[in-house]
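Shown below: run_19.pdb, with PDB, C-alpha atoms and all ligand atoms.
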ATOM      1  CA  MET A 225     -16.482   5.834   4.631
ATOM      2  CA  SER A 226     -17.036   3.550   1.691
ATOM      3  CA  VAL A 227     -14.457   3.299  -1.062
ATOM      4  CA  SER A 228     -15.581   3.177  -4.682
ATOM      5  CA  PRO A 229     -14.391   0.276  -6.847
ATOM      6  CA  ILE A 230     -12.205   2.655  -8.846
ATOM      7  CA  GLU A 231     -10.647   4.094  -5.678
ATOM      8  CA  ALA A 232      -9.982   0.555  -4.482
ATOM      9  CA  LEU A 233      -8.391  -0.352  -7.804
ATOM     10  CA  LEU A 234      -6.218   2.760  -7.904
ATOM     11  CA  SER A 235      -4.993   2.199  -4.352
ATOM     12  CA  ARG A 236      -3.675  -1.313  -5.050
ATOM     13  CA  ARG A 237      -0.197  -1.963  -3.749
ATOM     14  CA  SER A 238       1.793  -5.059  -2.999
ATOM     15  CA  ALA A 239       2.455  -6.206   0.552
ATOM     16  CA  LYS A 240       5.162  -8.814   0.959
ATOM     17  CA  LEU A 241       5.210  -9.221   4.717
ATOM     18  CA  VAL A 242       1.953 -10.878   5.675
ATOM     19  CA  GLY A 243       0.758 -13.161   8.433
ATOM     20  CA  ALA A 244      -2.348 -14.980   9.572
ATOM     21  CA  PRO A 245      -5.169 -14.875   8.916
ATOM     22  CA  GLY A 246      -4.921 -15.769   5.289
ATOM     23  CA  PRO A 247      -7.940 -15.606   3.022
ATOM     24  CA  SER A 248     -10.990 -17.444   4.337
ATOM     25  CA  PRO A 249     -12.258 -20.204   2.007
ATOM     26  CA  GLU A 250     -14.914 -17.783   0.733
ATOM     27  CA  HIS A 251     -12.349 -15.069   0.054
ATOM     28  CA  LEU A 252      -9.942 -17.493  -1.599
ATOM     29  CA  ASP A 253     -12.797 -18.558  -3.845
ATOM     30  CA  ILE A 254     -13.405 -14.911  -4.795
ATOM     31  CA  ILE A 255      -9.699 -14.332  -5.469
ATOM     32  CA  LEU A 256      -9.591 -17.380  -7.752
ATOM     33  CA  ARG A 257     -12.815 -16.316  -9.462
ATOM     34  CA  ALA A 258     -11.173 -12.963 -10.148
ATOM     35  CA  ALA A 259      -8.437 -14.870 -12.007
ATOM     36  CA  MET A 260     -11.124 -16.438 -14.189
ATOM     37  CA  THR A 261     -12.186 -12.974 -15.388
ATOM     38  CA  ALA A 262      -8.852 -12.331 -17.107
ATOM     39  CA  PRO A 263      -8.977 -11.553 -20.827
ATOM     40  CA  ASP A 264      -8.310 -14.725 -22.722
ATOM     41  CA  HIS A 265      -7.944 -15.257 -26.479
ATOM     42  CA  GLY A 266      -9.840 -18.285 -27.732
ATOM     43  CA  ARG A 267     -10.931 -19.306 -24.226
ATOM     44  CA  ALA A 268      -7.583 -20.987 -23.767
ATOM     45  CA  GLN A 269      -7.915 -20.609 -19.979
ATOM     46  CA  PRO A 270      -4.140 -21.063 -19.626
ATOM     47  CA  TRP A 271      -3.843 -20.052 -15.960
ATOM     48  CA  ARG A 272      -2.938 -22.758 -13.453
ATOM     49  CA  PHE A 273      -2.378 -22.508  -9.711
ATOM     50  CA  VAL A 274      -1.000 -24.692  -6.964
ATOM     51  CA  LEU A 275      -1.896 -23.819  -3.379
ATOM     52  CA  ILE A 276       0.724 -24.205  -0.649
ATOM     53  CA  GLU A 277      -0.721 -23.550   2.768
ATOM     54  CA  GLY A 278       0.266 -23.443   6.440
ATOM     55  CA  PRO A 279       3.181 -25.675   7.489
ATOM     56  CA  ALA A 280       3.684 -26.864   3.895
ATOM     57  CA  ILE A 281       5.067 -23.390   3.104
ATOM     58  CA  ALA A 282       8.115 -23.771   5.375
ATOM     59  CA  GLU A 283       8.628 -27.288   4.006
ATOM     60  CA  PHE A 284       8.507 -25.914   0.476
ATOM     61  CA  ALA A 285      10.996 -23.180   1.388
ATOM     62  CA  GLU A 286      13.498 -25.840   2.454
ATOM     63  CA  PHE A 287      12.902 -27.702  -0.813
ATOM     64  CA  VAL A 288      13.672 -24.496  -2.734
ATOM     65  CA  LEU A 289      16.863 -23.879  -0.771
ATOM     66  CA  LYS A 290      18.075 -27.395  -1.529
ATOM     67  CA  ALA A 291      17.129 -27.003  -5.208
ATOM     68  CA  HIS A 292      19.281 -23.859  -5.335
ATOM     69  CA  GLU A 293      22.208 -25.752  -3.829
ATOM     70  CA  ASP A 294      21.738 -28.769  -6.116
ATOM     71  CA  ALA A 295      21.724 -26.398  -9.104
ATOM     72  CA  GLY A 296      25.010 -24.863  -7.955
ATOM     73  CA  GLN A 297      23.244 -21.572  -7.222
ATOM     74  CA  PRO A 298      23.162 -21.374  -3.413
ATOM     75  CA  LEU A 299      21.499 -18.267  -2.005
ATOM     76  CA  LEU A 300      23.518 -15.823   0.076
ATOM     77  CA  PRO A 301      22.962 -16.272   3.840
ATOM     78  CA  GLN A 302      21.070 -12.964   4.097
ATOM     79  CA  LYS A 303      18.697 -14.025   1.322
ATOM     80  CA  VAL A 304      18.127 -17.356   3.064
ATOM     81  CA  THR A 305      17.270 -15.553   6.307
ATOM     82  CA  ASN A 306      14.938 -13.145   4.504
ATOM     83  CA  MET A 307      13.202 -15.928   2.650
ATOM     84  CA  ARG A 308      12.679 -18.065   5.733
ATOM     85  CA  GLY A 309      11.441 -15.018   7.661
ATOM     86  CA  TRP A 310       8.968 -14.092   4.928
ATOM     87  CA  LEU A 311       7.627 -17.602   4.505
ATOM     88  CA  ALA A 312       7.507 -18.449   8.214
ATOM     89  CA  GLN A 313       4.607 -16.034   8.534
ATOM     90  CA  ALA A 314       2.851 -16.115   5.158
ATOM     91  CA  PRO A 315      -0.329 -18.198   5.468
ATOM     92  CA  LEU A 316      -0.826 -18.847   1.757
ATOM     93  CA  LEU A 317       1.483 -19.203  -1.208
ATOM     94  CA  LEU A 318       0.235 -19.805  -4.731
ATOM     95  CA  GLY A 319       2.441 -21.162  -7.458
ATOM     96  CA  MET A 320       1.266 -19.712 -10.771
ATOM     97  CA  ALA A 321       1.807 -21.109 -14.234
ATOM     98  CA  CYS A 322       0.719 -20.770 -17.803
ATOM     99  CA  HIS A 323      -0.372 -23.873 -19.688
ATOM    100  CA  LEU A 324       1.513 -23.349 -22.941
ATOM    101  CA  ASP A 325      -0.229 -26.273 -24.594
ATOM    102  CA  PRO A 326       2.364 -26.386 -27.408
ATOM    103  CA  GLU A 327       0.013 -28.441 -29.614
ATOM    104  CA  ASP A 328      -2.463 -25.554 -29.796
ATOM    105  CA  LYS A 329      -1.175 -23.407 -32.659
ATOM    106  CA  ARG A 330      -4.172 -21.052 -32.888
ATOM    107  CA  PHE A 331      -2.227 -18.029 -31.698
ATOM    108  CA  PRO A 332       1.275 -17.109 -30.518
ATOM    109  CA  GLU A 333       2.460 -18.492 -27.173
ATOM    110  CA  GLN A 334       2.776 -14.952 -25.875
ATOM    111  CA  GLU A 335      -1.010 -14.600 -25.803
ATOM    112  CA  ARG A 336      -1.379 -17.450 -23.323
ATOM    113  CA  ILE A 337       1.343 -15.987 -21.111
ATOM    114  CA  LEU A 338      -0.303 -12.578 -21.209
ATOM    115  CA  ALA A 339      -3.666 -14.083 -20.243
ATOM    116  CA  ALA A 340      -2.107 -15.999 -17.339
ATOM    117  CA  GLY A 341      -0.309 -12.829 -16.218
ATOM    118  CA  ALA A 342      -3.574 -10.933 -16.393
ATOM    119  CA  ALA A 343      -5.163 -13.631 -14.207
ATOM    120  CA  ALA A 344      -2.435 -13.106 -11.630
ATOM    121  CA  THR A 345      -3.055  -9.358 -11.721
ATOM    122  CA  GLN A 346      -6.764  -9.886 -11.213
ATOM    123  CA  MET A 347      -5.902 -11.915  -8.114
ATOM    124  CA  LEU A 348      -3.662  -9.114  -6.810
ATOM    125  CA  ASN A 349      -6.541  -6.690  -7.303
ATOM    126  CA  ALA A 350      -9.110  -8.946  -5.652
ATOM    127  CA  ALA A 351      -6.860  -9.693  -2.672
ATOM    128  CA  HIS A 352      -6.266  -5.969  -2.188
ATOM    129  CA  MET A 353      -9.960  -5.136  -2.463
ATOM    130  CA  LEU A 354     -10.729  -7.771   0.174
ATOM    131  CA  GLY A 355      -8.200  -6.169   2.512
ATOM    132  CA  TYR A 356      -5.368  -8.682   2.155
ATOM    133  CA  GLY A 357      -1.758  -8.077   1.298
ATOM    134  CA  ALA A 358      -0.524  -9.914  -1.781
ATOM    135  CA  PHE A 359       2.867 -10.068  -3.467
ATOM    136  CA  TRP A 360       4.045 -11.584  -6.763
ATOM    137  CA  SER A 361       7.560 -12.978  -6.566
ATOM    138  CA  THR A 362       9.790 -14.707  -9.057
ATOM    139  CA  GLY A 363      12.200 -15.610  -6.277
ATOM    140  CA  LEU A 364      11.842 -18.990  -4.558
ATOM    141  CA  GLY A 365      13.474 -20.890  -7.377
ATOM    142  CA  THR A 366      10.936 -19.852  -9.995
ATOM    143  CA  TYR A 367      13.427 -20.456 -12.799
ATOM    144  CA  LEU A 368      14.855 -23.723 -11.443
ATOM    145  CA  PRO A 369      13.597 -26.760 -13.383
ATOM    146  CA  ALA A 370      13.567 -28.853 -10.163
ATOM    147  CA  VAL A 371      11.130 -26.417  -8.554
ATOM    148  CA  GLN A 372       8.929 -26.247 -11.643
ATOM    149  CA  GLN A 373       8.896 -30.041 -11.802
ATOM    150  CA  GLU A 374       8.077 -30.438  -8.112
ATOM    151  CA  LEU A 375       5.007 -28.244  -8.583
ATOM    152  CA  GLY A 376       3.920 -30.048 -11.750
ATOM    153  CA  PHE A 377       4.670 -27.111 -14.045
ATOM    154  CA  ALA A 378       7.657 -28.277 -16.082
ATOM    155  CA  GLU A 379       8.495 -26.992 -19.551
ATOM    156  CA  PRO A 380       7.621 -27.455 -22.373
ATOM    157  CA  GLU A 381       3.978 -27.963 -21.376
ATOM    158  CA  TYR A 382       4.004 -25.093 -18.869
ATOM    159  CA  ARG A 383       5.745 -21.791 -18.222
ATOM    160  CA  PHE A 384       6.105 -21.167 -14.505
ATOM    161  CA  LEU A 385       5.255 -17.568 -13.590
ATOM    162  CA  GLY A 386       6.290 -17.441  -9.937
ATOM    163  CA  PHE A 387       4.497 -17.189  -6.639
ATOM    164  CA  MET A 388       1.902 -15.061  -4.939
ATOM    165  CA  SER A 389       1.816 -14.781  -1.161
ATOM    166  CA  ILE A 390      -1.458 -13.626   0.370
ATOM    167  CA  GLY A 391      -2.270 -12.801   3.979
ATOM    168  CA  THR A 392      -2.885 -10.009   6.439
ATOM    169  CA  PRO A 393      -0.339  -7.181   6.122
ATOM    170  CA  LEU A 394       1.987  -7.145   9.122
ATOM    171  CA  ARG A 395       2.282  -3.363   9.005
ATOM    172  CA  ALA A 396       0.319  -0.478   7.559
ATOM    173  CA  MET A 397       0.995  -0.279   3.855
ATOM    174  CA  PRO A 398       0.269   3.133   2.380
ATOM    175  CA  SER A 399      -0.171   3.146  -1.383
ATOM    176  CA  PRO A 400       2.987   4.402  -3.053
ATOM    177  CA  ALA A 401       3.006   7.425  -5.317
ATOM    178  CA  ARG A 402       2.378   6.303  -8.873
ATOM    179  CA  PRO A 403       3.800   7.870 -12.001
ATOM    180  CA  GLU A 404       1.846  10.261 -14.176
ATOM    181  CA  PRO A 405       0.348   8.189 -17.001
ATOM    182  CA  GLU A 406       1.163  10.779 -19.628
ATOM    183  CA  THR A 407       4.858   9.888 -19.294
ATOM    184  CA  PHE A 408       4.047   6.513 -20.846
ATOM    185  CA  VAL A 409       1.575   7.563 -23.500
ATOM    186  CA  ARG A 410       1.841   9.253 -26.847
ATOM    187  CA  ARG A 411      -0.550   9.838 -29.657
ATOM    188  CA  TRP A 412      -0.437   8.727 -33.242
ATOM    189  CA  PRO A 413      -0.098  10.591 -35.457
ATOM    190  CA  ALA A 414       2.244  12.806 -33.491
ATOM    191  CA  ALA A 415       1.124  16.398 -33.240
ATOM    192  CA  SER A 416       2.929  18.404 -35.904
TER     193      SER A 416
HETATM  194  C1  LIG B   1       6.304 -11.103 -12.741
HETATM  195  C2  LIG B   1       6.725 -10.345 -11.511
HETATM  196  C3  LIG B   1       7.720 -10.867 -10.688
HETATM  197  C4  LIG B   1       8.159 -10.186  -9.561
HETATM  198  N1  LIG B   1       9.132 -10.734  -8.760
HETATM  199  C5  LIG B   1       9.600 -10.038  -7.708
HETATM  200  C6  LIG B   1      10.609 -10.585  -6.887
HETATM  201  O1  LIG B   1      11.070 -11.707  -7.096
HETATM  202  N2  LIG B   1      11.078  -9.828  -5.855
HETATM  203  C7  LIG B   1      10.584  -8.569  -5.613
HETATM  204  O2  LIG B   1      11.053  -7.920  -4.682
HETATM  205  N3  LIG B   1       9.587  -8.052  -6.356
HETATM  206  C8  LIG B   1       9.075  -8.754  -7.382
HETATM  207  N4  LIG B   1       8.071  -8.237  -8.143
HETATM  208  C9  LIG B   1       7.546  -6.900  -7.822
HETATM  209  C10 LIG B   1       6.539  -6.925  -6.673
HETATM  210  O3  LIG B   1       5.591  -7.964  -6.822
HETATM  211  C11 LIG B   1       5.781  -5.581  -6.606
HETATM  212  O4  LIG B   1       5.023  -5.398  -7.768
HETATM  213  C12 LIG B   1       6.745  -4.417  -6.427
HETATM  214  O5  LIG B   1       7.354  -4.527  -5.153
HETATM  215  C13 LIG B   1       6.068  -3.048  -6.553
HETATM  216  O6  LIG B   1       5.034  -2.941  -5.628
HETATM  217  P1  LIG B   1       3.592  -2.481  -6.117
HETATM  218  O7  LIG B   1       2.974  -3.697  -6.777
HETATM  219  O8  LIG B   1       2.878  -2.058  -4.878
HETATM  220  O9  LIG B   1       3.776  -1.356  -7.074
HETATM  221  C14 LIG B   1       7.579  -8.929  -9.245
HETATM  222  C15 LIG B   1       6.551  -8.418 -10.052
HETATM  223  C16 LIG B   1       6.132  -9.107 -11.169
HETATM  224  C17 LIG B   1       5.036  -8.531 -12.033
END
Structure encoded using structure tokens:
Amino acid sequence: MSVSPIEALLSRRSAKLVGAPGPSPEHLDIILRAAMTAPDHGRAQPWRFVLIEGPAIAEFAEFVLKAHEDAGQPLLPQKVTNMRGWLAQAPLLLGMACHLDPEDKRFPEQERILAAGAAATQMLNAAHMLGYGAFWSTGLGTYLPAVQQELGFAEPEYRFLGFMSIGTPLRAMPSPARPEPETFVRRWPAAS
């Protein structure tokens, strides 16, 4: 039974625990092209990505753990185990950043960050529609300057937005119940 694009969109859910296979080169290209469709004021194109693949992921995990220790913020043993377990299987990790381009004063910084966040969301949607599991995380030392620097996304030129893992879900992932939109919406003027 075919699923309509709207059904696919409305069934999106995150899947953290993923394994091989990761996206094929063709599918990765589609996922990145989805990012390019994000709304973007002034064609700033502020989204930036770094791909970490295969064995480099475990190597990067060890770098992050050391960065936490060097920063005096060691992770609890259970978190270390969880992180290593997650990343031992994930076939693809993307570091995601916003190019703040502080010299460009055309519009507030927030608009670049929103566009880069929208690009990440488009990638979550595309990965889901292609049948992959994807997960946005601001763990893995996202807020540690050493990690941002290692990935080439140091402030003040960039704002690092975290990581997205993408692969094949390791277990069936039903879509969670979502809230009723009306809870979050009101009308102006308010009905009298
Ligand atoms: C910017 C951002 C950062 C996030 N960081 C984390 C994180 O570090 N750890 C975590 O468990 N979930 C994190 N999440 C939430 C998950 O990616 C996911 O959205 C959540 O588990 C809900 O699942 P759903 O997307 O299927 O609704 C983050 C989400 C966003 C938008």
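Distance cut-off 9 Å, centre (-8.2, -12.3, -14.3), atoms counted all atoms listed in the file; the residues meeting this are Leu256, Arg257, Ala258, Ala259, Met260, Thr261, Ala262, Pro263, Asp264, Ala339, Ala340, Gly341, Ala342, Ala343, Ala344, Thr345, Gln346 and Met347 of chain A.
If you measure from each of A:His251, A:Lys329, A:Pro315, A:Leu385 to ligand LIG 1 (chain B) using all atoms listed in the file, the closest one turns out to be A:Leu385.
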**Request:** Find the residues around A:Leu316 up to 6 Å (only C-alpha atoms counted), leave out those fewer than 3 positions away in its own chain, and share them as a PyMOL selection string.
**Result:** chain A and resi 277+389-390
**Request:** List all protein, DNA and RNA residues that have any atom at most 6 Å from ligand LIG 1 (chain B), counting all atoms listed in the file, and write the list as an MDAnalysis selection string.
**Result:** chainID A and resid 237:238 359:363
**Request:** For atom CA of A:Leu368 and atom CA of A:Lys240, quote the distance in Å rounded to one decimal.
**Result:**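 The value is 21.7 Å.
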**Prompt:** Between A:Gln334, A:Thr407, A:Gln313, A:Gln297, which has the minimum distance to A:Gly391 (counting only C-alpha atoms)?
**Reply:**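 Nearest to A:Gly391: A:Gln313.
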**Item:** Spatial neighbours of A:Leu275, max dist 8 Å, all atoms listed in the file, sep filter under 3 positions, as a PyMOL selection string
**Value:** chain A and resi 316-319
**Message:** Translate the PyMOL selection byres (((chain A and resi 399-401) around 8) and not hetatm) into a concrete residue list for this structure, as a count of residues only.
**Reply:** 7
**Prompt:** For A:Ile255, which residue out of A:Phe387, A:Phe284, A:Phe331, A:Tyr356 is the nearest one, using only C-alpha atoms?
**Reply:**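 Among the listed residues, A:Tyr356 lies closest to A:Ile255.
All residues that come within 10 Å of the coordinates (-1.2, -11.9, 11.0), counting all atoms listed in the file, are given as Leu241, Val242, Gly243, Ala244, Pro245, Gly246, Gln313, Ala314, Pro315, Gly391, Thr392, Pro393, Leu394 and Arg395 of chain A.
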**Message:** Report as a list in words all protein, DNA and RNA residues lying within 10 Å of A:His265, evaluated on only C-alpha atoms, omitting residues in the same chain fewer than 3 positions from it.
**Reply:** Ala262, Ala268, Gln269, Pro270, Arg330, Phe331, Glu335, Arg336, Leu338 and Ala339 of chain A
**Request:** Tell me, as a count of residues only, which residues lie within 8 Å of A:Arg272, counting all atoms listed in the file; anything in the same chain fewer than 4 positions away does not count.
**Result:** 5
**Request:** Would you mind reading off the distance between atom CA of A:Asn306 and atom CA of A:Ile276, one decimal, in Å?
**Result:**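 Interatomic distance, atom CA of A:Asn306 to atom CA of A:Ile276: 18.7 Å.
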